[in-house]
>>> print(open('input.txt').read())   # compact mmCIF, C-alpha atoms
# COMPACT_ATOMS: atom_id res chain seq x y z
CA MET A 281 82.29 246.45 94.30
CA THR A 282 84.23 247.88 91.34
CA ALA A 283 84.54 251.55 90.47
CA ARG A 284 82.38 250.94 87.41
CA THR A 285 79.61 249.42 89.53
CA LEU A 286 79.78 252.29 91.95
CA ALA A 287 79.65 254.81 89.11
CA TRP A 288 76.60 253.14 87.53
CA THR A 289 74.79 252.88 90.87
CA SER A 290 75.42 256.56 91.62
CA PHE A 291 74.33 257.52 88.11
CA ILE A 292 71.05 255.60 88.44
CA ALA A 293 70.31 257.11 91.86
CA ILE A 294 71.01 260.65 90.62
CA ALA A 295 68.99 260.04 87.43
CA ALA A 296 66.04 258.84 89.53
CA PHE A 297 65.94 262.03 91.59
CA VAL A 298 66.51 264.27 88.55
CA LEU A 299 63.65 262.56 86.69
CA MET A 300 61.33 262.88 89.68
CA ALA A 301 62.12 266.59 89.98
CA ALA A 302 61.70 267.10 86.23
CA SER A 303 58.34 265.35 86.35
CA ARG A 304 57.16 267.58 89.22
CA LEU A 305 58.08 270.64 87.15
CA ALA A 306 56.23 269.20 84.11
CA ILE A 307 59.44 269.35 82.05
CA LEU A 308 58.96 265.75 80.96
CA ASP A 309 55.34 266.15 79.80
CA PRO A 310 56.21 266.35 76.06
CA VAL A 311 58.45 263.28 76.41
CA GLU A 312 55.70 261.34 78.19
CA ASN A 313 53.17 262.38 75.54
CA VAL A 314 55.43 261.21 72.71
CA THR A 315 56.22 257.96 74.54
CA LEU A 316 52.51 257.23 74.93
CA ASP A 317 51.99 258.15 71.26
CA VAL A 318 54.60 255.63 70.20
CA THR A 319 53.88 252.83 72.62
CA SER A 320 50.11 253.00 73.10
CA PRO A 321 49.26 251.08 69.87
CA LEU A 322 51.74 248.39 70.92
CA GLN A 323 50.36 248.38 74.46
CA THR A 324 46.75 248.18 73.25
CA GLY A 325 47.64 245.33 70.88
CA LEU A 326 49.53 243.37 73.54
CA SER A 327 46.76 243.99 76.05
CA SER A 328 44.08 242.66 73.65
CA LEU A 329 46.22 239.62 72.85
CA THR A 330 46.78 238.62 76.45
CA ARG A 331 43.36 239.56 77.87
CA PRO A 332 41.71 236.15 77.16
CA VAL A 333 44.61 234.36 78.86
CA ALA A 334 44.54 236.80 81.77
CA ASP A 335 40.76 236.32 82.17
CA TRP A 336 41.22 232.57 82.20
CA VAL A 337 43.99 232.72 84.82
CA ASN A 338 42.06 235.22 86.91
CA ASN A 339 38.94 233.03 86.81
CA ILE A 340 40.95 230.07 88.12
CA THR A 341 42.62 232.03 90.90
CA ASP A 342 39.36 233.77 91.82
CA ALA A 343 37.28 230.59 91.97
CA GLY A 344 36.51 231.07 95.67
CA ALA A 345 35.54 234.71 95.21
CA LEU A 346 33.42 233.87 92.16
CA SER A 347 31.55 231.23 94.10
CA GLU A 348 30.86 233.74 96.87
CA GLU A 349 29.82 236.38 94.34
CA ASN A 350 27.54 233.87 92.65
CA ARG A 351 25.83 233.13 95.96
CA ARG A 352 25.45 236.83 96.69
CA LEU A 353 24.06 237.54 93.23
CA ARG A 354 21.52 234.73 93.62
CA GLU A 355 20.35 236.24 96.89
CA GLU A 356 20.20 239.68 95.34
CA ASN A 357 18.33 238.34 92.35
CA GLU A 358 15.75 236.80 94.65
CA ARG A 359 15.38 240.03 96.59
CA LEU A 360 15.08 242.11 93.43
CA THR A 361 12.52 239.73 91.97
CA ASN A 362 10.42 240.15 95.10
CA GLU A 363 10.80 243.91 94.95
CA LEU A 364 9.83 243.91 91.31
CA ALA A 365 6.70 241.97 92.03
CA ARG A 366 5.72 244.46 94.73
CA ALA A 367 6.57 247.40 92.50
CA ARG A 368 4.30 246.07 89.77
CA GLU A 369 1.44 246.18 92.17
CA GLU A 370 2.20 249.82 92.89
CA SER A 371 1.90 251.09 89.34
CA VAL A 372 5.22 250.32 87.68
CA GLU A 373 4.68 252.63 84.77
CA ARG A 374 4.36 255.74 86.91
CA GLN A 375 7.45 254.81 88.90
CA ALA A 376 9.55 254.14 85.80
CA ALA A 377 8.58 257.47 84.27
CA GLU A 378 9.63 259.27 87.46
CA ASP A 379 12.97 257.42 87.53
CA LEU A 380 13.70 258.38 83.96
CA ALA A 381 12.92 262.00 84.66
CA ALA A 382 15.26 261.91 87.64
CA VAL A 383 18.14 260.52 85.58
CA LYS A 384 17.66 263.19 82.93
CA GLN A 385 17.60 265.83 85.62
CA GLN A 386 20.89 264.56 87.04
CA PHE A 387 22.88 265.69 84.00
CA PRO A 388 20.56 268.19 82.27
CA GLU A 389 23.01 270.22 80.21
CA ASP A 390 26.21 268.35 80.78
CA THR A 391 28.51 267.41 77.95
CA PHE A 392 30.63 264.30 77.93
CA LEU A 393 33.72 263.34 75.98
CA ALA A 394 33.98 259.62 75.25
CA SER A 395 37.55 258.30 75.57
CA ASN A 396 39.29 254.94 75.35
CA VAL A 397 41.48 253.55 78.11
CA VAL A 398 44.95 253.07 76.63
CA SER A 399 47.04 252.14 79.64
CA ARG A 400 46.81 251.25 83.32
CA ASP A 401 49.13 251.85 86.21
CA SER A 402 50.97 248.59 86.69
CA SER A 403 51.95 249.08 90.32
CA ASN A 404 49.96 247.13 92.85
CA ALA A 405 49.32 250.05 95.18
CA ARG A 406 47.96 252.70 92.79
CA ALA A 407 44.80 252.82 90.65
CA ILE A 408 45.45 255.09 87.68
CA ILE A 409 44.47 254.76 84.02
CA ALA A 410 45.45 256.70 80.90
CA ILE A 411 42.87 257.77 78.30
CA ASP A 412 43.37 258.90 74.71
CA SER A 413 42.03 262.43 75.22
CA GLY A 414 44.09 265.36 76.41
CA THR A 415 44.23 269.14 76.50
CA SER A 416 43.82 269.28 72.72
CA ASP A 417 40.37 267.68 73.21
CA GLY A 418 39.37 270.06 76.00
CA VAL A 419 40.24 267.84 78.95
CA ARG A 420 41.47 269.79 81.98
CA LYS A 421 42.92 268.75 85.32
CA GLY A 422 40.20 268.25 87.93
CA MET A 423 37.44 267.21 85.53
CA ILE A 424 35.53 264.16 86.66
CA VAL A 425 35.19 260.91 84.76
CA VAL A 426 32.21 258.57 84.79
CA SER A 427 31.55 255.14 83.33
CA GLU A 428 29.21 254.55 80.41
CA GLY A 429 26.58 253.73 83.02
CA ARG A 430 27.21 257.23 84.53
CA SER A 431 28.67 256.09 87.85
CA LEU A 432 31.79 257.80 89.19
CA VAL A 433 35.14 256.47 87.94
CA GLY A 434 37.64 259.12 89.06
CA THR A 435 39.26 262.48 88.40
CA VAL A 436 41.64 263.81 85.77
CA THR A 437 44.92 264.35 87.63
CA LYS A 438 47.40 264.92 84.82
CA THR A 439 46.98 266.12 81.25
CA PHE A 440 49.16 265.95 78.17
CA ASP A 441 48.35 267.14 74.65
CA ASP A 442 46.75 263.87 73.56
CA TYR A 443 46.45 261.85 76.77
CA SER A 444 45.28 262.24 80.34
CA TRP A 445 45.74 260.30 83.54
CA ILE A 446 42.70 259.46 85.61
CA THR A 447 43.09 258.68 89.29
CA LEU A 448 40.36 256.15 90.07
CA ILE A 449 38.17 256.45 93.15
CA THR A 450 39.78 253.25 94.52
CA ASP A 451 43.25 254.83 94.51
CA PRO A 452 44.69 255.31 98.03
CA LYS A 453 45.06 259.05 97.36
CA SER A 454 41.44 259.53 96.25
CA ALA A 455 38.85 261.13 98.56
CA VAL A 456 35.32 262.11 97.52
CA SER A 457 32.74 264.03 99.55
CA ALA A 458 29.72 261.74 99.55
CA LEU A 459 26.33 261.14 101.05
CA VAL A 460 24.04 258.19 101.53
CA GLN A 461 21.12 258.77 99.22
CA GLU A 462 18.41 257.36 101.47
CA SER A 463 19.36 258.90 104.84
CA ARG A 464 21.29 261.95 103.49
CA SER A 465 24.14 261.14 105.91
CA ASP A 466 27.39 262.56 104.62
CA GLY A 467 30.99 261.42 104.81
CA VAL A 468 34.11 260.95 102.72
CA VAL A 469 34.59 257.99 100.39
CA SER A 470 38.25 257.09 100.00
CA GLY A 471 40.25 254.34 98.35
CA ASN A 472 42.76 252.06 99.99
CA TYR A 473 45.75 249.87 99.13
CA ASP A 474 43.55 246.78 98.73
CA GLY A 475 41.32 248.44 96.11
CA SER A 476 38.37 248.79 98.45
CA LEU A 477 36.20 251.86 99.04
CA VAL A 478 35.46 253.03 102.56
CA MET A 479 33.13 255.84 103.61
CA ASP A 480 34.54 257.54 106.70
CA PHE A 481 33.21 260.22 109.03
CA VAL A 482 29.65 258.85 109.04
CA GLY A 483 28.19 259.80 112.43
CA GLN A 484 27.23 257.11 114.94
CA GLY A 485 23.60 258.20 114.81
CA ALA A 486 23.31 258.14 111.03
CA ALA A 487 20.85 255.60 109.68
CA VAL A 488 22.78 253.71 107.03
CA LYS A 489 22.16 250.17 105.91
CA VAL A 490 23.52 247.62 103.46
CA GLY A 491 22.19 248.23 99.95
CA ASP A 492 21.80 252.01 100.28
CA PHE A 493 23.16 254.06 97.39
CA VAL A 494 26.14 256.40 97.94
CA THR A 495 26.44 259.47 95.71
CA THR A 496 28.71 262.52 95.52
CA SER A 497 27.54 265.32 97.80
CA GLY A 498 29.09 268.26 95.94
CA VAL A 499 30.57 269.61 99.18
CA GLY A 500 33.95 271.24 98.47
CA GLY A 501 33.22 271.92 94.83
CA ARG A 502 35.51 269.25 93.39
CA TYR A 503 32.64 266.97 92.30
CA PRO A 504 29.13 267.78 91.11
CA PRO A 505 26.39 266.50 93.44
CA GLY A 506 24.34 263.39 92.70
CA VAL A 507 26.81 261.21 90.79
CA VAL A 508 26.40 257.61 91.92
CA ILE A 509 29.52 256.08 93.50
CA GLY A 510 28.24 252.70 94.66
CA ARG A 511 26.17 250.77 97.18
CA ILE A 512 26.85 250.06 100.81
CA ALA A 513 28.23 246.55 101.25
CA ASP A 514 28.93 246.52 104.98
CA VAL A 515 28.56 248.76 108.03
CA GLN A 516 30.89 248.52 111.02
CA LYS A 517 29.70 250.24 114.17
CA THR A 518 31.13 250.02 117.66
CA ASP A 519 30.30 252.05 120.77
CA GLN A 520 33.94 253.07 121.16
CA ASP A 521 34.25 254.72 117.76
CA LEU A 522 33.17 258.25 116.95
CA PHE A 523 32.14 257.29 113.43
CA GLN A 524 30.71 254.30 111.62
CA LYS A 525 32.92 252.63 109.03
CA VAL A 526 30.95 251.99 105.87
CA HIS A 527 32.30 249.73 103.10
CA VAL A 528 31.08 250.65 99.65
CA ASP A 529 30.97 248.51 96.49
CA HIS A 530 31.66 250.72 93.47
CA LEU A 531 29.14 250.33 90.66
CA ALA A 532 31.52 250.80 87.74
CA SER A 533 33.68 247.78 86.90
CA LEU A 534 36.92 249.68 87.44
CA SER A 535 39.34 246.84 86.72
CA LYS A 536 37.86 246.21 83.27
CA LEU A 537 37.20 249.73 82.01
CA GLU A 538 37.72 250.10 78.27
CA ARG A 539 35.82 253.33 77.64
CA VAL A 540 34.97 256.25 79.92
CA LEU A 541 33.20 259.60 79.70
CA VAL A 542 34.89 262.83 80.79
CA LEU A 543 32.40 265.36 82.12
CA THR A 544 33.84 268.34 80.22
CA SER A 545 31.12 270.79 81.26
CA PHE A 546 32.04 270.51 84.94
CA GLN A 547 34.76 272.79 86.23
CA PRO A 548 35.93 272.03 89.76
CA ARG A 549 35.81 274.95 92.16
CA THR A 550 38.31 275.85 94.82
CA LEU A 551 36.45 277.22 97.78
CA GLU A 552 38.12 280.07 99.63
CA ARG A 553 38.14 280.52 103.34
CA PRO A 554 35.58 283.06 104.61
CA GLU A 555 37.07 286.37 105.80
CA MET S 77 77.08 244.15 72.24
CA ARG S 78 75.79 242.26 75.29
CA TYR S 79 74.71 245.57 76.87
CA TRP S 80 72.67 246.47 73.81
CA THR S 81 70.98 243.06 73.82
CA GLY S 82 70.15 243.40 77.49
CA ALA S 83 68.90 246.97 77.05
CA VAL S 84 66.60 246.00 74.16
CA ILE S 85 65.19 243.06 76.15
CA ALA S 86 64.68 245.34 79.16
CA PHE S 87 62.89 247.93 76.99
CA PHE S 88 60.44 245.42 75.56
CA LEU S 89 59.90 243.71 78.90
CA ALA S 90 59.00 247.10 80.40
CA ILE S 91 56.32 247.56 77.74
CA VAL S 92 55.03 244.01 78.23
CA GLN S 93 54.94 244.59 81.99
CA ALA S 94 52.97 247.83 81.57
CA SER S 95 50.50 246.57 78.98
CA SER S 96 49.93 242.88 79.66
CA VAL S 97 51.23 241.64 82.97
CA GLU S 98 49.07 244.05 84.98
CA GLN S 99 46.01 242.13 83.74
CA PHE S 100 47.10 238.98 85.58
CA LYS S 101 45.98 239.09 89.18
CA VAL S 102 47.09 236.42 91.61
CA LEU S 103 46.42 237.00 95.34
CA GLY S 104 45.06 240.39 94.24
CA VAL S 105 48.37 241.59 92.78
CA SER S 106 50.16 241.48 89.45
CA PRO S 107 53.56 239.77 89.17
CA ASN S 108 56.54 241.99 88.40
CA LEU S 109 58.08 240.20 85.44
CA LEU S 110 60.58 242.99 84.93
CA LEU S 111 61.98 242.77 88.46
CA VAL S 112 62.19 238.97 88.35
CA PHE S 113 63.98 239.15 85.00
CA LEU S 114 66.50 241.69 86.29
CA VAL S 115 67.28 239.61 89.38
CA ALA S 116 67.70 236.44 87.29
CA TRP S 117 69.98 238.37 84.91
CA LEU S 118 71.96 239.62 87.89
CA VAL S 119 72.54 236.09 89.18
CA ILE S 120 73.44 234.70 85.77
CA ARG S 121 75.49 237.58 84.32
CA GLY S 122 76.63 239.64 87.29
CA LEU S 123 76.17 243.12 88.69
CA ASP S 124 78.10 244.97 85.97
CA ASP S 125 75.80 243.57 83.31
CA VAL S 126 72.53 244.31 85.08
CA LEU S 127 73.10 247.96 85.99
CA PRO S 128 72.60 249.42 82.47
CA MET S 129 69.49 247.23 82.17
CA ILE S 130 68.09 248.62 85.42
CA PHE S 131 68.48 252.11 83.97
CA VAL S 132 66.78 251.30 80.65
CA ALA S 133 64.03 249.23 82.29
CA GLY S 134 63.36 251.84 84.97
CA VAL S 135 63.12 254.79 82.60
CA THR S 136 60.97 252.91 80.05
CA PHE S 137 58.65 251.48 82.67
CA SER S 138 58.29 254.90 84.31
CA LEU S 139 57.21 256.46 81.03
CA VAL S 140 54.79 253.76 79.85
CA GLY S 141 53.60 252.47 83.22
CA LEU S 142 51.91 255.70 84.44
CA GLN S 143 54.22 256.18 87.39
CA SER S 144 56.25 259.17 88.36
CA PRO S 145 59.38 259.07 86.16
CA GLY S 146 62.32 258.19 88.35
CA LEU S 147 60.29 256.41 91.01
CA VAL S 148 60.54 252.99 89.35
CA LEU S 149 64.24 253.61 88.80
CA LEU S 150 64.62 254.26 92.51
CA ALA S 151 62.52 251.20 93.39
CA LEU S 152 64.66 248.97 91.15
CA LEU S 153 67.93 250.26 92.59
CA PRO S 154 67.96 247.83 95.56
CA VAL S 155 68.47 245.05 92.98
CA ALA S 156 71.98 246.44 92.56
CA GLY S 157 72.48 246.48 96.31
CA PHE S 158 71.41 242.85 96.63
CA GLY S 159 73.85 242.03 93.85
CA VAL S 160 76.64 242.27 96.41
CA LEU S 161 75.30 239.05 97.98
CA ARG S 162 75.99 237.27 94.70
CA GLU S 163 79.59 238.45 94.69
CA LEU S 164 80.05 237.23 98.27
CA HIS S 165 78.89 233.68 97.33
CA VAL S 166 76.90 233.33 100.55
CA VAL S 167 74.48 230.93 98.83
CA HIS S 168 75.87 228.20 96.57
CA SER S 169 72.68 227.28 94.70
CA ASP S 170 71.89 229.89 92.06
CA LEU S 171 68.18 229.04 92.08
CA ILE S 172 67.90 229.55 95.83
CA LEU S 173 69.85 232.79 95.47
CA VAL S 174 67.38 233.94 92.80
CA LEU S 175 64.42 233.11 95.04
CA LEU S 176 65.93 234.94 98.01
CA LEU S 177 66.91 237.98 95.98
CA VAL S 178 63.54 238.15 94.20
CA PHE S 179 61.76 238.08 97.56
CA ALA S 180 64.02 240.77 99.04
CA ALA S 181 64.01 242.96 95.90
CA SER S 182 60.18 242.68 95.62
CA LEU S 183 59.75 243.79 99.23
CA ALA S 184 62.13 246.70 98.66
CA TYR S 185 60.41 247.66 95.37
CA GLU S 186 56.91 247.69 96.85
CA LEU S 187 58.09 249.52 99.99
CA VAL S 188 59.69 252.30 97.92
CA ILE S 189 56.44 252.74 95.92
CA LEU S 190 54.42 252.61 99.13
CA GLY S 191 56.73 255.11 100.84
CA SER S 192 56.28 257.56 97.98
CA ILE S 193 52.48 257.27 98.18
CA MET S 194 52.46 257.78 101.94
CA ALA S 195 54.92 260.67 101.71
CA THR S 196 52.69 262.47 99.21
CA GLY S 197 49.37 262.30 101.03
CA GLY S 198 48.32 258.64 100.84
CA PRO S 199 46.76 256.95 103.87
CA LEU S 200 49.18 255.72 106.53
CA ASP S 201 47.46 252.34 106.69
CA VAL S 202 50.64 250.26 106.79
CA SER S 203 49.02 246.97 107.82
CA THR S 204 46.56 247.02 104.90
CA ALA S 205 49.35 247.98 102.51
CA LEU S 206 51.57 245.12 103.71
CA ARG S 207 48.70 242.63 103.64
CA ALA S 208 47.22 243.73 100.32
CA THR S 209 50.25 244.60 98.20
CA VAL S 210 53.76 244.22 99.63
CA VAL S 211 53.76 240.62 100.92
CA PRO S 212 51.48 239.13 98.20
CA ALA S 213 53.60 240.80 95.50
CA ALA S 214 56.79 239.30 96.92
CA MET S 215 55.17 235.84 97.10
CA VAL S 216 53.83 235.98 93.55
CA ASN S 217 57.19 237.13 92.20
CA VAL S 218 58.96 234.28 94.00
CA ALA S 219 56.51 231.83 92.42
CA LEU S 220 57.32 233.26 88.98
CA ALA S 221 61.09 233.30 89.53
CA PRO S 222 61.91 229.61 88.79
CA VAL S 223 60.11 229.85 85.43
CA VAL S 224 61.96 233.00 84.34
CA TYR S 225 65.30 231.78 85.71
CA GLY S 226 64.89 228.37 84.06
CA MET S 227 64.11 229.93 80.68
CA MET S 228 67.08 232.27 80.89
CA ARG S 229 69.49 229.49 81.82
CA PHE S 230 68.17 227.37 78.98
CA ALA S 231 68.62 230.26 76.55
CA ARG S 232 72.36 230.42 77.28
CA PRO S 233 74.24 227.84 75.20
CA ALA S 234 77.15 227.63 77.66
CA GLN S 235 74.75 226.80 80.46
CA ARG S 236 72.93 224.20 78.40
CA ARG S 237 76.19 222.31 78.01
CA GLY S 238 76.12 221.00 81.53
CA GLN S 239 76.73 224.00 83.73
CA LEU S 240 73.20 224.30 85.04
CA SER S 241 73.24 225.12 88.69
CA PHE S 242 70.09 224.50 90.68
>>> encode(input="input.txt", output="structure tokens")
Amino acid sequence: MTARTLAWTSFIAIAAFVLMAASRLAILDPVENVTLDVTSPLQTGLSSLTRPVADWVNNITDAGALSEENRRLREENERLTNELARAREESVERQAAEDLAAVKQQFPEDTFLASNVVSRDSSNARAIIAIDSGTSDGVRKGMIVVSEGRSLVGTVTKTFDDYSWITLITDPKSAVSALVQESRSDGVVSGNYDGSLVMDFVGQGAAVKVGDFVTTSGVGGRYPPGVVIGRIADVQKTDQDLFQKVHVDHLASLSKLERVLVLTSFQPRTLERPE
Amino acid sequence: MRYWTGAVIAFFLAIVQASSVEQFKVLGVSPNLLLVFLVAWLVIRGLDDVLPMIFVAGVTFSLVGLQSPGLVLLALLPVAGFGVLRELHVVHSDLILVLLLVFAASLAYELVILGSIMATGGPLDVSTALRATVVPAAMVNVALAPVVYGMMRFARPAQRRGQLSF
């Protein structure tokens, strides 16, 4: 190893630690904002160009999963058709009116800011996206982000002047206080390295079943209550465990998000310990 | 001049990696074109040539790829360490050396990223992390390596004139 090689290697190692420290202290925020300003049109253009090819490749490699999903959707379609037929007999119009009222009640006076996804974290372990709204648009750290269908997408974890980073609910460092809508059993929905969602701390006696809806509980003050996260896909329960392990399918299509809504009217609260 | 060329290529590859390559999912992970390119460059041009490229690629990718600036730089640094193997001539076939180094560098890269997540509050679910990201990423990168290496060898006139080493 030559002296030049050693010097370069040391320089890179030192630069890495200096950059990490500078990032922690938010010294690099203006640089990151300008970099995204300059490169985001190029990134968006490249992304649009390669998306059809990527979809084609992904469809080929996911053939097995697509076949399984197709089978599951057929079964679900059959079940939903049966439910629909029953619901019609039980006065559909009255039920639909009640559902609509419930949705309106969920976000009565909330304001949303529509934003475009401009970049995605390209590491395999994290689930972070960047949107084209920042502090200049009123976005603040801790605000929650939902899909256009109003299901939970994630939380704003870093803000710049014109951009913000959203940590998705599937990220390994994400944890959301949640409850099962039907049984009101609560727990914590967290992401994992494989992109799955698991609801932990659900008591052994809690009545949860596949297909139940999981929503935010509002406990802790970081999320408003009643935002839909997903549906239960699988329940693992053994006599030896203290808690059931509940796998949740998120409703929002997180890998293909192009546009999201930031709930700007919600300010997260930090609860203090009682005296 | 050669450093500038390499730095410009590394800069654009970092943007391509951040904007396009992440859309391609094989075995549930995206290939790391940037890492494969740097390893292939290391084998073809040597350690002295690849070090400035690691710096440019790492900084650019950190800034456009939504990762903590410096972390990618740190994760790419083992490429330099593995470069010593090239100097020692322990493997005579360049292609096999590329495959071995890509596999090792990919494992190191993913483990550094994983270590940073776990150190800052991520779940300590090592088996899921290895199964879902680290090992698949290394395998996908190895599958991509012959294509990248072949293209780079072909792009060098001196190599096209009969010095190809597979």
>>> atom_distance(input="input.txt", atom1="CA of His165 (chain S)", atom2="CA of Leu183 (chain S)")
21.7 Å
>>> residues_around(input="input.txt", residues="region 421-434 of chain A", least_positions_apart="5", cutoff="7 Å", atoms="only C-alpha atoms", output="count of residues only")
19
>>> closest_residue(input="input.txt", among="S:Val188, S:Val174, S:Ala180, S:Ile120", to="chain A", atoms="only C-alpha atoms")
S:Val188
>>> interface_residues(input="input.txt", of="chain S", to="chain A", cutoff="6 Å", atoms="only C-alpha atoms", output="PyMOL selection string")
chain S and resi 94-96+98-101+105+124+139+141-142+145-146+149-150+198+205+208-209
>>> residues_around(input="input.txt", residues="Pro128 (chain S)", least_positions_apart="3", cutoff="9 Å", atoms="all atoms listed in the file", output="compact mmCIF listing (two decimals) with C-alpha atoms, keeping the file's coordinate frame")
# COMPACT_ATOMS: atom_id res chain seq x y z
CA TRP A 288 76.60 253.14 87.53
CA ILE A 292 71.05 255.60 88.44
CA TYR S 79 74.71 245.57 76.87
CA GLY S 82 70.15 243.40 77.49
CA ALA S 83 68.90 246.97 77.05
CA ASP S 124 78.10 244.97 85.97
CA ASP S 125 75.80 243.57 83.31
CA PHE S 131 68.48 252.11 83.97
CA VAL S 132 66.78 251.30 80.65
CA ALA S 133 64.03 249.23 82.29
>>> closest_residue(input="input.txt", among="S:Ile193, S:Leu109, S:Ala90, S:Val160", to="Ala214 (chain S)", atoms="only C-alpha atoms")
S:Leu109
>>> residues_around(input="input.txt", residues="Ala116 (chain S)", least_positions_apart="3", cutoff="8 Å", atoms="all atoms listed in the file", output="list in words")
Val112, Phe113, Val119, Ile120, Val174, Ala221, Val224, Tyr225 and Met228 of chain S
>>> closest_residue(input="input.txt", among="S:Ser192, S:Phe87, S:Val223, S:Val92", to="Gln143 (chain S)", atoms="all atoms listed in the file")
S:Ser192
>>> closest_residue(input="input.txt", among="A:Gly510, A:Pro504, A:Pro321, A:Pro310", to="Gly491 (chain A)", atoms="only C-alpha atoms")
A:Gly510
>>> atom_distance(input="input.txt", atom1="CA of Phe523 (chain A)", atom2="CA of Gly197 (chain S)")
21.8 Å
>>> atom_distance(input="input.txt", atom1="CA of Asp412 (chain A)", atom2="CA of Gly104 (chain S)")
27.0 Å
>>> residues_around(input="input.txt", residues="Pro505 (chain A)", least_positions_apart="3", cutoff="8 Å", atoms="all atoms listed in the file", output="list in words")
Thr495, Thr496, Ser497, Gly498 and Val499 of chain A
>>> write_last_selection(input="input.txt", atoms="C-alpha atoms", output="mmCIF file, in the coordinates of the input")
data_model
loop_
_atom_site.group_PDB
_atom_site.id
_atom_site.type_symbol
_atom_site.label_atom_id
_atom_site.label_comp_id
_atom_site.auth_asym_id
_atom_site.auth_seq_id
_atom_site.Cartn_x
_atom_site.Cartn_y
_atom_site.Cartn_z
ATOM 1 C CA THR A 495 26.440 259.470 95.710
ATOM 2 C CA THR A 496 28.710 262.520 95.520
ATOM 3 C CA SER A 497 27.540 265.320 97.800
ATOM 4 C CA GLY A 498 29.090 268.260 95.940
ATOM 5 C CA VAL A 499 30.570 269.610 99.180
#
>>> residues_near_point(input="input.txt", point="(41.5, 262.8, 80.7)", cutoff="6 Å", atoms="all atoms listed in the file", output="VMD selection string")
chain A and resid 411 413 to 414 419 436 444 to 445
>>> write_last_selection(input="input.txt", atoms="C-alpha atoms", output="tab-separated table (two decimals), keeping the file's coordinate frame")
chain	number	residue	atom	x	y	z
A	411	ILE	CA	42.87	257.77	78.30
A	413	SER	CA	42.03	262.43	75.22
A	414	GLY	CA	44.09	265.36	76.41
A	419	VAL	CA	40.24	267.84	78.95
A	436	VAL	CA	41.64	263.81	85.77
A	444	SER	CA	45.28	262.24	80.34
A	445	TRP	CA	45.74	260.30	83.54
